[in-house]
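S.K.: Take this structure, written in structure tokens, and hold onto it; I'll ask about it next.
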Amino acid sequence: TDTNDFDLIKLQSHLKRLLKSYELESRNNKKSILKINYIDPYREKSKANMIFNKYKIQEENIVLINQGNKFQIVRDKDLVTLDNNNNISGYKSEEAITAALIKVNAEKSETIYFLTGHGEMDINDNDPYNGLSSLRNFLESRNYIIKRLNLLKEQDIPNDASLIIIASPQGKINPLEVNILRKFTREQNGKIISLIDPGRIHGLDDLFYDWGIIA
């Protein structure tokens with residue numbers, strides 16, 4: 001693990017309290033719809049081996065969340081934040097476990113497209129000021145599929161698009177692209193989030209005006 005033995009004991013104690021609260025909150029007519037089991041791989045080797053074989057894993061100190069044939073693995077490093085001495089400085093267990101529960105229970109994943117081709121902020125960029133990798137990771141942890149979309153090349157919006165995000169375009173979006181975006185909102189009931197820098201010529205004025213917005 002990424003934590004020392006003392007921290008691991010603290011993490012296990014914290015995690016048991018958290019999972020107990022999930023179990024209590026999930027009660028319906030006095031029966032919990034969430035079942036929690038703890039397995040010691042040394043004392044319960046047969047159970048552990050059955051899980052290892054079924055899910056093709058060989059890891060200990062994990063939280064395995066499954067619903068039907070879908071499963072998610074939450075590792076100890078996903079549950080904590082560490083200081084420079086490799087000691088636990090905080091917990092992010094609730095966020096990690098909730099995200100895993102959403103993933104295994106979701107009937108389908110919605111797809112969000114980030115527009116590219118005009119100097120927009122990049123979903124693969126780790127820059128703390130101009131990158132969107134943290135946002136991409138957050139959305140993916142909530143069971144969204146994240147993709148890029150360049151309308152100058154594709155000239156259409158894929159049918160699986162639930163939302164298009166236009167994040168800080170530095171160049172002008174041309175009228176052909178605006179018409180494609182307009183069709184997306186009118187005919188596909190699509191949704192758009194536009195993040196526009198002050199004073200930037202973005203080319204979306206006509207589209208905004210359709211919505212009664214002057215930017």
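By convention here, the chains of the structure tokens are called A, B, ... in the order presented, each chain's residues are numbered starting at 1, and ligands are numbered starting at 1 in the order presented.
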Within 12 Å of stretch 129-145 of chain A, counting only C-alpha atoms, which residues show up once you throw out same-chain ones fewer than 6 positions away? Write them as an NGL selection string, please.
M.R.: :A and (72 or 74 or 78 or 95-114 or 119-123 or 160-170)
S.K.: If you run DSSP on the backbone here, which positions in stretch 49-134 of chain A get strand (DSSP E or B)? Please write them as a list in words.
M.R.: Ile62, Val63, Leu64, Ile65, Asn66, Gln67, Lys70, Phe71, Gln72, Ile73, Val74, Arg75, Val80, Thr81, Leu82, Ile88, Ser89, Gly90, Tyr91, Thr111, Ile112, Tyr113, Phe114, Leu115, Asp122 and Gly131 of chain A
S.K.: Taking 4 positions as the minimum chain separation for residues in the same chain, which residues sit within 8 Å of A:Tyr91 when counting only C-alpha atoms? Answer as a list of chain:residue names.
M.R.: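 The filter keeps A:Leu79, A:Val80, A:Thr81.
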S.K.: Sorted by chain and rising residue number, which residues of stretch 31-114 of chain A lie within 12 Å of stretch 8-17 of chain A, and what are their closest atom pairs and distances in Å to one decimal, counting only C-alpha atoms, as a Markdown table?
M.R.:
| residue | atom | partner | partner_atom | distance |
| --- | --- | --- | --- | --- |
| A:Ile36 | CA | A:Lys16 | CA | 9.7 |
| A:Asn37 | CA | A:Lys16 | CA | 10.5 |
| A:Tyr38 | CA | A:Lys16 | CA | 9.4 |
| A:Glu60 | CA | A:Leu8 | CA | 11.9 |
| A:Asn61 | CA | A:Leu8 | CA | 8.8 |
| A:Ile62 | CA | A:Gln12 | CA | 10.2 |
| A:Val63 | CA | A:Leu15 | CA | 9.5 |
| A:Val74 | CA | A:Leu15 | CA | 11.6 |
| A:Arg75 | CA | A:Leu11 | CA | 11.4 |
| A:Asp76 | CA | A:Leu11 | CA | 8.2 |
| A:Lys77 | CA | A:Leu11 | CA | 10.5 |
| A:Asp78 | CA | A:Leu11 | CA | 11.4 |
| A:Leu79 | CA | A:Leu11 | CA | 8.2 |
| A:Val80 | CA | A:Leu11 | CA | 8.0 |
| A:Thr81 | CA | A:Leu11 | CA | 11.0 |
| A:Leu82 | CA | A:Leu11 | CA | 11.7 |
| A:Asn86 | CA | A:Leu8 | CA | 11.3 |
| A:Asn87 | CA | A:Leu8 | CA | 9.6 |
| A:Ile88 | CA | A:Leu11 | CA | 8.3 |
| A:Ser89 | CA | A:Leu11 | CA | 11.0 |
| A:Gly90 | CA | A:Leu11 | CA | 10.0 |
| A:Tyr91 | CA | A:Leu11 | CA | 8.5 |
| A:Lys92 | CA | A:Leu15 | CA | 10.4 |
| A:Ser93 | CA | A:Leu15 | CA | 7.3 |
| A:Glu94 | CA | A:Leu15 | CA | 9.0 |
| A:Ala96 | CA | A:Leu15 | CA | 11.5 |
| A:Ile97 | CA | A:Leu15 | CA | 10.1 |
S.K.: So which residues touch stretch 171-183 of chain A within 9 Å, counting only C-alpha atoms, skipping near sequence neighbours fewer than 6 positions away, as a PyMOL selection string?
M.R.: chain A and resi 117-120+151-152+155-157+164+189-190+192+200-204+206-207+210
S.K.: When DSSP works through the backbone of this structure, what residues of stretch 89-177 of chain A end up as helix (DSSP H, G or I), shown as a list in words?
M.R.: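 Here are the helix (DSSP H, G or I) residues of stretch 89-177 of chain A: Ser93, Glu94, Glu95, Ala96, Ile97, Thr98, Ala99, Ala100, Leu101, Ile102, Lys103, Val104, Asn105, Ser133, Ser134, Leu135, Arg136, Asn137, Phe138, Leu139, Glu140, Ser141, Leu151, Leu152, Lys153, Glu154, Pro175, Leu176 and Glu177 of chain A.
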S.K.: Mind checking which residues fall within 12 Å of stretch 47-52 of chain A, counting only C-alpha atoms, ignoring those fewer than 3 positions away in the same chain, and posting them as a PyMOL selection string?
M.R.: chain A and resi 37-44+55-66+71+73
S.K.: Would you save the residues from that selection as a CSV table (one decimal), in the first residue's frame, using N, CA, C and O atoms?
M.R.:
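Full text of selection-v7.csv as output:
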chain,number,residue,atom,x,y,z
A,37,ASN,N,-19.6,-6.7,3.1
A,37,ASN,CA,-18.9,-7.9,3.6
A,37,ASN,C,-17.4,-7.5,3.7
A,37,ASN,O,-16.9,-6.8,2.9
A,38,TYR,N,-16.8,-8.0,4.8
A,38,TYR,CA,-15.4,-7.9,5.0
A,38,TYR,C,-14.7,-9.2,4.9
A,38,TYR,O,-15.2,-10.2,5.5
A,39,ILE,N,-13.7,-9.3,4.1
A,39,ILE,CA,-13.0,-10.6,3.9
A,39,ILE,C,-11.5,-10.5,4.2
A,39,ILE,O,-10.9,-9.6,3.6
A,40,ASP,N,-11.1,-11.3,5.1
A,40,ASP,CA,-9.6,-11.4,5.4
A,40,ASP,C,-9.0,-12.4,4.5
A,40,ASP,O,-9.3,-13.6,4.6
A,41,PRO,N,-8.1,-12.0,3.6
A,41,PRO,CA,-7.6,-13.0,2.6
A,41,PRO,C,-6.7,-14.0,3.2
A,41,PRO,O,-6.4,-15.0,2.6
A,42,TYR,N,-6.3,-13.9,4.5
A,42,TYR,CA,-5.4,-14.9,5.2
A,42,TYR,C,-6.3,-15.9,6.0
A,42,TYR,O,-6.0,-17.1,6.0
A,43,ARG,N,-7.4,-15.4,6.6
A,43,ARG,CA,-8.2,-16.3,7.4
A,43,ARG,C,-9.3,-16.9,6.5
A,43,ARG,O,-9.9,-17.9,6.9
A,44,GLU,N,-9.7,-16.2,5.4
A,44,GLU,CA,-10.7,-16.7,4.6
A,44,GLU,C,-10.2,-16.8,3.1
A,44,GLU,O,-10.7,-16.2,2.2
A,55,TYR,N,-13.0,-11.7,-10.4
A,55,TYR,CA,-12.8,-10.3,-10.9
A,55,TYR,C,-11.4,-10.1,-11.5
A,55,TYR,O,-11.0,-9.0,-11.8
A,56,LYS,N,-10.6,-11.2,-11.6
A,56,LYS,CA,-9.2,-11.2,-12.1
A,56,LYS,C,-8.3,-10.1,-11.4
A,56,LYS,O,-7.7,-9.3,-12.0
A,57,ILE,N,-8.3,-10.2,-10.1
A,57,ILE,CA,-7.5,-9.3,-9.3
A,57,ILE,C,-6.7,-10.1,-8.3
A,57,ILE,O,-7.0,-11.2,-8.0
A,58,GLN,N,-5.6,-9.4,-7.9
A,58,GLN,CA,-4.7,-10.1,-6.9
A,58,GLN,C,-4.3,-9.0,-5.8
A,58,GLN,O,-3.2,-9.1,-5.3
A,59,GLU,N,-5.2,-8.1,-5.6
A,59,GLU,CA,-4.9,-7.0,-4.7
A,59,GLU,C,-5.6,-7.2,-3.3
A,59,GLU,O,-6.7,-7.7,-3.3
A,60,GLU,N,-4.9,-6.7,-2.3
A,60,GLU,CA,-5.5,-6.7,-1.0
A,60,GLU,C,-5.8,-5.2,-0.6
A,60,GLU,O,-5.4,-4.3,-1.3
A,61,ASN,N,-6.4,-5.0,0.5
A,61,ASN,CA,-6.7,-3.6,1.0
A,61,ASN,C,-7.5,-2.8,-0.1
A,61,ASN,O,-7.1,-1.7,-0.4
A,62,ILE,N,-8.5,-3.4,-0.6
A,62,ILE,CA,-9.4,-2.7,-1.6
A,62,ILE,C,-10.8,-2.7,-1.2
A,62,ILE,O,-11.2,-3.5,-0.3
A,63,VAL,N,-11.6,-1.9,-1.8
A,63,VAL,CA,-13.0,-1.9,-1.6
A,63,VAL,C,-13.6,-2.3,-3.0
A,63,VAL,O,-13.3,-1.7,-4.0
A,64,LEU,N,-14.2,-3.5,-3.1
A,64,LEU,CA,-14.8,-4.0,-4.3
A,64,LEU,C,-16.3,-3.8,-4.3
A,64,LEU,O,-17.0,-4.2,-3.4
A,65,ILE,N,-16.8,-3.0,-5.2
A,65,ILE,CA,-18.2,-2.7,-5.3
A,65,ILE,C,-18.8,-3.3,-6.6
A,65,ILE,O,-18.3,-3.1,-7.7
A,66,ASN,N,-19.8,-4.2,-6.4
A,66,ASN,CA,-20.4,-4.8,-7.6
A,66,ASN,C,-21.9,-4.8,-7.5
A,66,ASN,O,-22.5,-4.8,-6.5
A,71,PHE,N,-18.6,-4.0,-11.9
A,71,PHE,CA,-17.9,-3.8,-10.6
A,71,PHE,C,-16.9,-2.7,-10.8
A,71,PHE,O,-16.5,-2.3,-11.9
A,73,ILE,N,-13.3,-1.1,-8.5
A,73,ILE,CA,-12.3,-1.3,-7.4
A,73,ILE,C,-11.9,0.0,-6.9
A,73,ILE,O,-11.4,0.9,-7.7
S.K.: Please measure the separation of atom CA of A:Asn29 and atom CA of A:Gln67, giving the value in Å to one decimal.
M.R.: 20.5 Å
S.K.: Enter the distance from atom CA of A:Gly199 to atom CA of A:Ile213, in Å, rounded to one decimal.
M.R.: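 Atom CA of A:Gly199 sits 15.6 Å away from atom CA of A:Ile213.
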